[in-house]
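What follows is data_25.cif (mmCIF, C-alpha atoms).
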data_query
#
loop_
_atom_site.label_atom_id
_atom_site.label_comp_id
_atom_site.auth_asym_id
_atom_site.auth_seq_id
_atom_site.Cartn_x
_atom_site.Cartn_y
_atom_site.Cartn_z
CA VAL P 1 -56.45 -7.78 -12.31
CA TRP P 2 -58.86 -6.77 -9.54
CA ARG P 3 -58.53 -3.12 -10.55
CA LEU P 4 -59.24 -3.85 -14.23
CA THR P 5 -61.88 -6.58 -13.91
CA GLY P 6 -63.14 -6.45 -10.33
CA ASN P 7 -62.17 -10.13 -9.88
CA TRP P 8 -59.15 -10.82 -7.66
CA ARG P 9 -59.31 -14.61 -8.13
CA ARG P 10 -57.95 -14.52 -11.68
CA GLY P 11 -54.93 -12.58 -10.47
CA ALA P 12 -54.37 -14.92 -7.52
CA ILE P 13 -54.59 -18.00 -9.76
CA ALA P 14 -52.21 -16.45 -12.29
CA GLY P 15 -49.72 -15.66 -9.52
CA LEU P 16 -50.00 -19.21 -8.17
CA ILE P 17 -49.35 -20.65 -11.64
CA VAL P 18 -46.22 -18.51 -11.99
CA LEU P 19 -44.96 -19.65 -8.57
CA VAL P 20 -45.58 -23.34 -9.31
CA PHE P 21 -43.99 -23.38 -12.74
CA GLY P 22 -41.15 -21.18 -11.50
CA ALA P 23 -40.42 -23.66 -8.70
CA LEU P 24 -40.62 -26.82 -10.83
CA PRO P 25 -37.17 -26.51 -12.50
CA ALA P 26 -35.48 -26.14 -9.09
CA ALA P 27 -37.54 -28.85 -7.37
CA PRO P 28 -35.28 -31.82 -8.35
CA ILE P 29 -32.19 -30.02 -7.01
CA VAL P 30 -33.91 -29.11 -3.74
CA TRP P 31 -35.16 -32.70 -3.37
CA ARG P 32 -31.67 -34.10 -4.00
CA ASN P 33 -30.13 -31.75 -1.45
CA ALA P 34 -32.82 -32.58 1.10
CA THR P 35 -32.43 -36.36 0.73
CA THR P 36 -28.64 -36.41 0.30
CA PHE P 37 -27.42 -33.55 2.49
CA GLY P 38 -30.38 -32.95 4.81
CA THR P 39 -30.96 -29.34 3.75
CA PHE P 40 -33.53 -27.53 1.61
CA GLN P 41 -30.98 -24.98 0.43
CA LEU P 42 -30.72 -24.68 -3.32
CA THR P 43 -26.95 -24.16 -3.46
CA SER P 44 -23.89 -24.50 -1.26
CA GLN P 45 -22.43 -21.24 -2.60
CA SER P 46 -24.23 -18.88 -0.22
CA GLY P 47 -21.35 -18.71 2.25
CA THR P 48 -18.76 -18.17 -0.47
CA HIS P 49 -20.84 -15.41 -2.03
CA LEU P 50 -21.30 -13.56 1.25
CA LEU P 51 -17.69 -13.95 2.42
CA HIS P 52 -15.84 -13.07 -0.77
CA TRP P 53 -18.16 -11.00 -2.93
CA VAL P 54 -19.89 -9.04 -0.20
CA VAL P 55 -17.49 -8.90 2.76
CA GLY P 56 -14.31 -9.23 0.68
CA TYR P 57 -15.19 -6.60 -1.88
CA SER P 58 -16.57 -4.23 0.75
CA ARG P 59 -13.39 -4.62 2.81
CA ALA P 60 -11.23 -3.97 -0.25
CA PHE P 61 -13.43 -1.00 -1.09
CA GLU P 62 -12.98 0.41 2.42
CA THR P 63 -9.23 -0.14 2.85
CA GLY P 64 -8.07 0.38 -0.74
CA VAL P 65 -6.29 -3.00 -0.69
CA PRO P 66 -6.70 -5.03 -3.91
CA PHE P 67 -9.52 -7.57 -3.77
CA GLY P 68 -7.12 -10.47 -4.37
CA ARG P 69 -5.12 -9.71 -1.23
CA VAL P 70 -8.24 -9.40 0.91
CA SER P 71 -9.46 -12.77 -0.44
CA ILE P 72 -6.16 -14.42 0.56
CA ILE P 73 -6.52 -13.16 4.14
CA LEU P 74 -10.13 -14.33 4.38
CA ASN P 75 -9.26 -17.72 2.87
CA GLN P 76 -6.49 -18.28 5.41
CA GLU P 77 -8.94 -17.81 8.29
CA LEU P 78 -11.53 -19.96 6.52
CA ASP P 79 -9.05 -22.79 5.92
CA GLN P 80 -8.19 -22.88 9.63
CA ARG P 81 -11.85 -23.19 10.58
CA ILE P 82 -12.56 -25.89 8.01
CA THR P 83 -9.51 -27.88 9.12
CA LYS P 84 -10.65 -27.66 12.73
CA ALA P 85 -14.17 -28.78 11.78
CA ARG P 86 -12.82 -31.78 9.83
CA HIS P 87 -11.16 -33.07 13.00
CA GLN P 88 -14.44 -32.83 14.90
CA GLN P 89 -16.74 -34.67 12.48
CA GLU P 90 -16.37 -37.62 10.14
CA THR P 91 -18.04 -36.24 7.03
CA MET P 92 -17.80 -32.74 5.63
CA THR P 93 -20.36 -31.94 2.91
CA PRO P 94 -20.30 -28.81 0.73
CA PHE P 95 -23.17 -27.47 2.84
CA HIS P 96 -21.13 -27.90 6.04
CA VAL P 97 -18.36 -25.87 4.41
CA SER P 98 -20.91 -23.28 3.32
CA SER P 99 -22.22 -23.05 6.90
CA ILE P 100 -18.71 -22.46 8.27
CA THR P 101 -18.06 -19.90 5.55
CA MET P 102 -21.34 -18.16 6.30
CA SER P 103 -20.50 -18.01 10.01
CA LEU P 104 -17.14 -16.36 9.28
CA ALA P 105 -18.78 -13.99 6.78
CA LYS P 106 -21.31 -12.83 9.37
CA GLU P 107 -18.54 -12.16 11.90
CA GLU P 108 -16.57 -10.14 9.37
CA LEU P 109 -19.70 -8.39 8.16
CA ALA P 110 -20.39 -7.19 11.72
CA LYS P 111 -16.96 -5.49 11.70
CA THR P 112 -17.71 -3.63 8.48
CA ALA P 113 -19.16 -0.13 8.74
CA MET P 114 -22.66 0.36 7.35
CA SER P 115 -21.44 3.34 5.32
CA THR P 116 -18.89 1.07 3.63
CA LEU P 117 -21.57 -1.46 2.70
CA VAL P 118 -23.77 1.30 1.28
CA LYS P 119 -20.88 2.65 -0.80
CA ALA P 120 -20.01 -0.86 -2.03
CA TRP P 121 -23.64 -1.50 -2.98
CA MET P 122 -23.88 1.83 -4.80
CA SER P 123 -20.65 1.00 -6.63
CA GLY P 124 -22.14 -2.31 -7.77
CA ILE P 125 -25.36 -0.61 -8.90
CA ILE P 126 -23.46 1.98 -10.93
CA ILE P 127 -21.28 -0.67 -12.57
CA ASN P 128 -24.24 -2.92 -13.35
CA LEU P 129 -26.12 -0.08 -15.00
CA SER P 130 -23.22 1.47 -16.89
CA ALA P 131 -20.63 -1.25 -17.61
CA PRO P 132 -20.36 -1.64 -21.41
CA THR P 133 -21.01 -5.11 -22.78
CA LEU P 134 -17.99 -4.55 -25.02
CA VAL P 135 -15.68 -5.44 -22.11
CA ILE P 136 -16.72 -9.11 -22.26
CA GLU P 137 -16.34 -9.39 -26.05
CA PRO P 138 -13.59 -12.08 -26.40
CA ARG P 139 -11.26 -10.05 -28.66
CA VAL P 140 -11.53 -6.98 -26.44
CA ARG P 141 -11.26 -9.04 -23.26
CA LYS P 142 -7.90 -10.45 -24.42
CA LEU P 143 -6.52 -6.92 -24.32
CA ASN P 144 -7.40 -6.53 -20.64
CA LYS P 145 -4.13 -6.70 -18.68
CA HIS P 146 -5.41 -5.60 -15.27
CA SER P 147 -8.45 -6.81 -13.34
CA PHE P 148 -10.84 -4.13 -12.08
CA MET P 149 -11.56 -6.19 -8.97
CA SER P 150 -7.83 -6.36 -8.19
CA SER P 151 -7.30 -2.63 -8.68
CA SER P 152 -6.10 -0.69 -5.65
CA GLY P 153 -7.77 2.40 -4.27
CA SER P 154 -10.68 3.19 -1.97
CA GLY P 155 -13.82 4.18 -3.80
CA LEU P 156 -15.11 3.58 -7.29
CA ILE P 157 -13.35 6.56 -8.89
CA GLN P 158 -9.89 5.69 -7.53
CA ARG P 159 -10.28 2.05 -8.54
CA THR P 160 -11.38 3.08 -12.03
CA ILE P 161 -8.36 5.37 -12.42
CA SER P 162 -6.02 2.60 -11.22
CA PHE P 163 -7.69 0.12 -13.57
CA LEU P 164 -7.26 2.39 -16.60
CA LYS P 165 -3.70 3.52 -15.77
CA ASN P 166 -2.41 -0.04 -15.56
CA ASN P 167 -4.08 -1.37 -18.69
CA ASP P 168 -3.45 -1.78 -22.40
CA ARG P 169 -4.04 1.36 -24.51
CA GLN P 170 -6.10 -0.52 -27.08
CA PHE P 171 -8.29 -1.87 -24.33
CA ILE P 172 -8.76 1.64 -22.89
CA PHE P 173 -9.71 2.86 -26.41
CA TRP P 174 -12.46 0.26 -26.77
CA ILE P 175 -13.58 0.74 -23.16
CA THR P 176 -13.97 4.48 -23.81
CA ILE P 177 -16.15 3.80 -26.83
CA GLY P 178 -18.20 1.35 -24.79
CA LEU P 179 -18.61 3.77 -21.88
CA VAL P 180 -19.82 6.54 -24.20
CA GLY P 181 -22.37 4.16 -25.71
CA SER P 182 -23.46 2.99 -22.27
CA ALA P 183 -23.87 6.58 -21.07
CA ILE P 184 -26.10 7.39 -24.04
CA SER P 185 -28.16 4.23 -23.50
CA LEU P 186 -28.51 4.91 -19.78
CA ALA P 187 -29.68 8.46 -20.48
CA PHE P 188 -32.33 7.14 -22.88
CA GLN P 189 -33.38 4.47 -20.35
CA ILE P 190 -33.88 7.03 -17.58
CA LEU P 191 -35.78 9.33 -19.96
CA GLY P 192 -37.91 6.42 -21.17
CA TRP P 193 -38.81 5.47 -17.60
CA VAL P 194 -39.84 9.07 -16.82
CA ILE P 195 -42.05 9.13 -19.95
CA LEU P 196 -43.56 5.77 -19.01
CA LEU P 197 -44.13 6.99 -15.46
CA ARG P 198 -46.20 9.89 -16.77
CA GLN P 199 -48.22 7.77 -19.20
CA MET P 200 -48.54 4.37 -17.47
CA LEU P 201 -47.95 4.82 -13.75
CA TRP P 202 -48.22 1.27 -12.39
CA PRO P 203 -46.24 -0.52 -15.13
CA ALA P 204 -43.49 2.05 -14.61
CA ILE P 205 -43.51 1.53 -10.83
CA PHE P 206 -43.53 -2.27 -10.98
CA SER P 207 -40.78 -2.34 -13.62
CA ALA P 208 -38.69 -0.03 -11.44
CA PHE P 209 -39.21 -2.42 -8.51
CA ALA P 210 -37.99 -5.32 -10.68
CA VAL P 211 -34.85 -3.41 -11.70
CA ALA P 212 -34.18 -2.35 -8.10
CA TYR P 213 -34.65 -5.93 -6.85
CA PHE P 214 -31.91 -7.37 -9.06
CA LEU P 215 -29.56 -4.43 -8.48
CA ILE P 216 -29.88 -4.82 -4.70
CA LEU P 217 -29.61 -8.61 -4.96
CA ASN P 218 -26.32 -8.37 -6.89
CA GLY P 219 -24.92 -6.06 -4.24
CA PRO P 220 -21.30 -5.01 -4.72
CA ILE P 221 -20.85 -7.40 -7.66
CA GLY P 222 -20.84 -5.58 -10.99
CA GLY P 223 -20.52 -6.46 -14.64
CA PRO P 224 -22.50 -6.67 -17.89
CA LYS P 225 -23.60 -10.28 -17.31
CA TYR P 226 -25.26 -9.36 -14.01
CA ARG P 227 -27.47 -6.93 -15.93
CA LEU P 228 -29.09 -9.73 -17.94
CA PRO P 229 -32.22 -10.12 -15.74
CA ILE P 230 -33.07 -6.42 -16.10
CA GLU P 231 -31.90 -5.96 -19.69
CA PRO P 232 -35.37 -6.58 -21.24
CA ILE P 233 -36.87 -3.90 -18.98
CA LEU P 234 -34.07 -1.45 -19.81
CA ILE P 235 -34.61 -2.12 -23.52
CA ILE P 236 -38.30 -1.20 -23.11
CA PHE P 237 -37.36 2.02 -21.29
CA GLN P 238 -34.89 2.92 -24.03
CA SER P 239 -37.38 2.08 -26.77
CA VAL P 240 -39.99 4.38 -25.22
CA ALA P 241 -37.49 7.25 -25.26
CA VAL P 242 -36.34 6.53 -28.82
CA ILE P 243 -39.95 6.41 -30.09
CA ARG P 244 -40.71 9.70 -28.35
CA LEU P 245 -37.56 11.25 -29.87
CA PHE P 246 -38.50 10.16 -33.40
CA SER P 247 -42.05 11.43 -32.90
CA TRP P 248 -40.72 14.80 -31.75
CA LEU P 249 -38.29 15.01 -34.69
CA ARG P 250 -41.06 14.12 -37.15
CA ILE P 251 -43.31 16.84 -35.76
CA LYS P 252 -40.50 19.40 -35.96
CA TYR P 253 -39.71 18.31 -39.54
CA HIS P 254 -43.34 18.70 -40.60
CA GLU P 255 -43.58 22.09 -38.91
CA LYS P 256 -40.54 23.29 -40.83
CA PHE P 257 -41.03 21.67 -44.23
CA GLY P 258 -44.75 20.85 -44.22
CA GLY P 259 -46.27 17.69 -45.63
CA VAL P 260 -48.06 14.77 -44.03
#
Please express the file's structure as structure tokens.
Amino acid sequence: VWRLTGNWRRGAIAGLIVLVFGALPAAPIVWRNATTFGTFQLTSQSGTHLLHWVVGYSRAFETGVPFGRVSIILNQELDQRITKARHQQETMTPFHVSSITMSLAKEELAKTAMSTLVKAWMSGIIINLSAPTLVIEPRVRKLNKHSFMSSSGSGLIQRTISFLKNNDRQFIFWITIGLVGSAISLAFQILGWVILLRQMLWPAIFSAFAVAYFLILNGPIGGPKYRLPIEPILIIFQSVAVIRLFSWLRIKYHEKFGGV
């Protein structure tokens, strides 16, 4: 706003309005947690998320052990700690459990190699950008006989091969169609972003930051539903590329056949 109008106050006020109205829906939950549980945390799922979906998946990714088995091992250690804590205090709220879970997750996270975390994060980013929405269509999902998360193998490629080898042929057929469609869409989205970058630099940069933010936030977790926050931006990227393609085809058609 300052760059376009020379007045930074309008931009600051607009940002403040977004922050206030963005915080209002969560305010009752935060107030309830503060008055009931003595914490300003929004949810008691932070520990579970870090232990299972970050540490657990990264550990499975590193060792090649199915995610389900890793979760069982982590849960056994967690259960022991929660049981011990119950004997030491009268009340055990969900946030106390989350704190214990978070403590265990941090200990396990310290044992995990940084290279493993990077690979797990990259795996999640690739899945979030390329996973076809077709896999969560109810009729197709019923054909799925083998969970990707529970597939064995270290690395994304080995897990993908294991996932496909142990699954229903009809499901693999529909997945293949979905993957081809996703690859085409992703190619258009990347092309659209490059075109936008050349024509409108700052919108392209800020939109890329928004996409990167949600991809990093999701971490190792991947799936079509986790792409929802960035889907509108990806649709814009793809639309830019499609419009450019049609414009190019129209010019080529007119050059060859003439006309207006």
Notebook entry, point to check: Looking at all atoms listed in the file, which of P:Ile175, P:Leu191, P:Ala60, P:Ile251 is the one that sits closest to Ala120 (chain P)?
Noted result: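 Closest candidate: P:Ala60.
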Item checked: For region 50-58 of chain P: contacts at 6 Å, only C-alpha atoms, fewer than 3 positions along chain excluded, given as a list of chain:residue names -> P:Gly47, P:Phe61, P:Ala105, P:Leu109, P:Ala120
Next item on the list: Work out how far apart CA of Leu215 (chain P) and CA of Ile125 (chain P) are and give it in Å to one decimal.
Entry: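 Separation of CA of Leu215 (chain P) and CA of Ile125 (chain P): 5.7 Å.
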Note to self: So, with all atoms listed in the file as the atoms that count, which of P:Ala27, P:Ile161, P:Ile172, P:Ile82 lies closest to Ser99 (chain P)?
What the structure shows: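 Answer, going by the shortest atom-to-atom distance: P:Ile82.
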Notebook entry, point to check: Which one of P:Arg244, P:Leu104, P:Trp193, P:Ile221 sits closest to Ile205 (chain P) if you count all atoms listed in the file?
Noted result: P:Trp193
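When the PyMOL selection byres ((chain P and resi 223) around 8) is evaluated on the file shown here, the picked residues come out as Ile127, Asn128, Ala131, Ile221, Gly222, Pro224, Lys225, Tyr226 and Arg227 of chain P.
Take the candidates P:Phe257, P:Phe188, P:Phe171, P:Phe206 and check each one against Ala241 (chain P) using only C-alpha atoms; the shortest distance goes to P:Phe188.
Interatomic distance, CA of Gln189 (chain P) to CA of Leu234 (chain P): 6.0 Å.
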Notebook entry, point to check: What does the distance from CA of Arg69 (chain P) to CA of Ser162 (chain P) come to in Å, to one decimal?
Noted result: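 Here the two named atoms are 15.9 Å from each other.
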Margin query: For a quick check of your reading of the model, name the residues lying within 12 Å of the coordinate (-27.8, 7.5, -25.4), counting all atoms listed in the file, and write them as a PyMOL selection string.
Written below: chain P and resi 130+178-192+235+237-239+241-242+245
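Of the listed residues P:Ser103, P:Asn7, P:Gln158, P:Gln89, the one whose atoms come nearest to Val65 (chain P) is P:Gln158, with distances taken using all atoms listed in the file.
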Enclose region 206-210 of chain P, meaning all of its atoms listed in the file, in a box aligned along x, y and z, pad it by 8 Å on each side, and list the centre and edge lengths in Å to one decimal, as AutoDock Vina command-line options.
--center_x -40.8 --center_y -2.7 --center_z -11.1 --size_x 21.5 --size_y 21.3 --size_z 21.1
Checklist line | Matched chain/residue IDs from the PyMOL selection byres ((chain P and resi 93) around 12), as JSON, numbers by chain | finding: {"P": [33, 36, 37, 38, 39, 44, 82, 85, 86, 89, 90, 91, 92, 94, 95, 96, 97, 98, 99, 100]}
